[in-house]
Amino acid sequence: MPELPEVEVVRRGLDSWVSGRVVERATVLDPRAVRRHGDGPRDLELSLAGASVLGAVRRGKFLWLPIRLADEAPDAAASVALMAHLGMSGQLLIEGASAPLERHARVILDLSERADAPSQLRFVDQRLFGGLWLSPLEPTSDGLPGGTGSGDPSIPVDGAHVARDVLDPALEAGTLYASLHRRSTAIKAAILDQGVLSGVGNIYADEALWRARLHYLTPASRLSRAKVAELLTHLRNVMTDALAAGGTSFDSLYVNVNGASGYFDRSLNAYGREGEACAHCVAAARPGRIVREKWGGRSSYRCTRCQRVPRV
DNA sequence: GGAGAGACCTGCGAGC
DNA sequence: TGCTCGCAGGTCTCTC
């Protein structure tokens, strides 16, 4: 399932294949994929027709394409963003118009001709947790670029609630500590909260907590400033490692814009390793094993020995 | 305002 | 063989 590294791989693909092109036609095949567009699928189709794509930006797991609408001046800055969230199973694929339509294709954008690039951007989503919609751009609250891939201090209204993500150099450990220090909730819930820091999903939360030797139920407010800085470093490292590997893929649900899967799942130490020996413990000749536990409606993986249950 | 639970959604595998 | 059920999980909404 797409998390921050996977979304960044997709963003880079969109930036190279879609930026500078015009949407000649938008076709919504399944209205459920654009349900977050308040004015309905027909309005989305009409708004996108003739719009120019000016880039590809990401904050956390939210992607957006700043666009200039057809009725705006050719030199005008983007006033609106085409938002995209991949949810659990979303894919944004660049394909030729003659390529067979995917079973779960939901939206098709026909793009202006470019000799070296296919002509369609397709949004494919099996489970429909993701979607596309339009959102107006507004200035960022801190005057900094809105996200990765942008030099422009603007952000979509629908992305303004999302905190800066793990790979954003503007996110500082001190800011994260101040945010966590106010929370009595479990550390895993805190780092999954996109309003605290963005881009962390279930897989990488478990991996970073394993690297930091923290139990997922440890109260966020109990972490020292140094431990928060260490956790942020682990989060950044695990994301960077995953990005270098092209993302994590357990099945065909996550692919880049060319349809290729990543291979970081082979490097995971906690997530999906139920019953296996913990790598920390193997190195220290201890008997720790990875267990899977249900928490918050989803699975959490931890080592029984180096991620012990916190004392209440 | 913070925290937790439930809903959304579909394909797959297990169990009967 | 075919049916039912549980599971996977990011985000939003609702309730307390």
# chains A, B, ... in the order shown; residues from 1 in each chain; ligands from 1
call {"tool": "interface_residues", "arguments": {"of": "chain A", "to": "chain B", "cutoff": "9 Å", "atoms": "only C-alpha atoms (C1' of nucleotides)", "output": "list in words"}}
result
Gln126, Arg127, Leu128, Phe129, Arg183, Ser184, Thr185 and Gly296 of chain A
call {"tool": "closest_atom_pairs", "arguments": {"of": "chain C", "to": "range 89-93 of chain A", "cutoff": "12 Å", "atoms": "only C-alpha atoms (C1' of nucleotides)", "output": "JSON lines"}}
result
{"residue": "C:DA8", "atom": "C1'", "partner": "A:Ser89", "partner_atom": "CA", "distance": 10.7}
{"residue": "C:DG9", "atom": "C1'", "partner": "A:Ser89", "partner_atom": "CA", "distance": 9.9}
{"residue": "C:DG10", "atom": "C1'", "partner": "A:Ser89", "partner_atom": "CA", "distance": 10.2}
call {"tool": "closest_residue", "arguments": {"among": "A:Glu138, A:Asp158, A:Asp206, A:Glu276", "to": "Arg36 in chain A", "atoms": "only C-alpha atoms"}}
result
A:Asp158
call {"tool": "closest_residue", "arguments": {"among": "A:Ser198, A:Ser52, A:Thr27, A:Gln120", "to": "chain C", "atoms": "only C-alpha atoms (C1' of nucleotides)"}}
result
A:Ser198
call {"tool": "atom_distance", "arguments": {"atom1": "CA of Arg103 in chain A", "atom2": "CA of Val7 in chain A"}}
result
21.7 Å
call {"tool": "select_by_dssp", "arguments": {"residues": "range 23-248 of chain A", "states": "strand (DSSP E or B)", "output": "number ranges by chain"}}
result
A: 23-28, 52-53, 57-59, 62-68, 80-85, 90-95, 105-111, 120-125, 131-139, 148, 154-156, 165, 186, 198, 219
call {"tool": "interface_residues", "arguments": {"of": "chain A", "to": "chain C", "cutoff": "12 Å", "atoms": "only C-alpha atoms (C1' of nucleotides)", "output": "PyMOL selection string"}}
result
chain A and resi 1-4+36+60-62+85-90+127-131+162+192-195+198-203+250-251+253+294+296-300
call {"tool": "residues_around", "arguments": {"residues": "Met83 in chain A", "least_positions_apart": "3", "cutoff": "9 Å", "atoms": "only C-alpha atoms (C1' of nucleotides)", "output": "number ranges by chain"}}
result
A: 62-66, 131-135, 156, 158-159
call {"tool": "closest_residue", "arguments": {"among": "A:Asp142, A:Glu24, A:Asp241, A:Asp152", "to": "Ala78 in chain A", "atoms": "only C-alpha atoms"}}
result
A:Asp152
call {"tool": "atom_distance", "arguments": {"atom1": "CA of Pro100 in chain A", "atom2": "CA of Val57 in chain A"}}
result
28.4 Å
call {"tool": "decode", "arguments": {"residues": "chain C", "atoms": "C-alpha atoms (C1' of nucleotides)", "output": "short mmCIF file (atom, residue, chain, number, x, y, z; two decimals), in the first residue's frame"}}
result
data_model
loop_
_atom_site.label_atom_id
_atom_site.label_comp_id
_atom_site.auth_asym_id
_atom_site.auth_seq_id
_atom_site.Cartn_x
_atom_site.Cartn_y
_atom_site.Cartn_z
"C1'" DT C 1 -17.86 -26.26 -5.55
"C1'" DG C 2 -19.87 -22.37 -3.59
"C1'" DC C 3 -20.98 -19.51 0.11
"C1'" DT C 4 -19.85 -16.60 4.22
"C1'" DC C 5 -16.82 -14.17 6.94
"C1'" DG C 6 -12.65 -11.83 8.41
"C1'" DC C 7 -8.79 -9.20 7.13
"C1'" DA C 8 -5.95 -5.58 4.98
"C1'" DG C 9 -5.57 -0.05 6.30
"C1'" DG C 10 -5.62 5.78 5.27
"C1'" DT C 11 -8.62 9.16 6.22
"C1'" DC C 12 -12.83 11.29 7.57
"C1'" DT C 13 -16.69 11.79 10.68
"C1'" DC C 14 -18.97 11.22 14.80
"C1'" DT C 15 -19.25 10.65 19.74
"C1'" DC C 16 -17.63 11.04 24.34
#
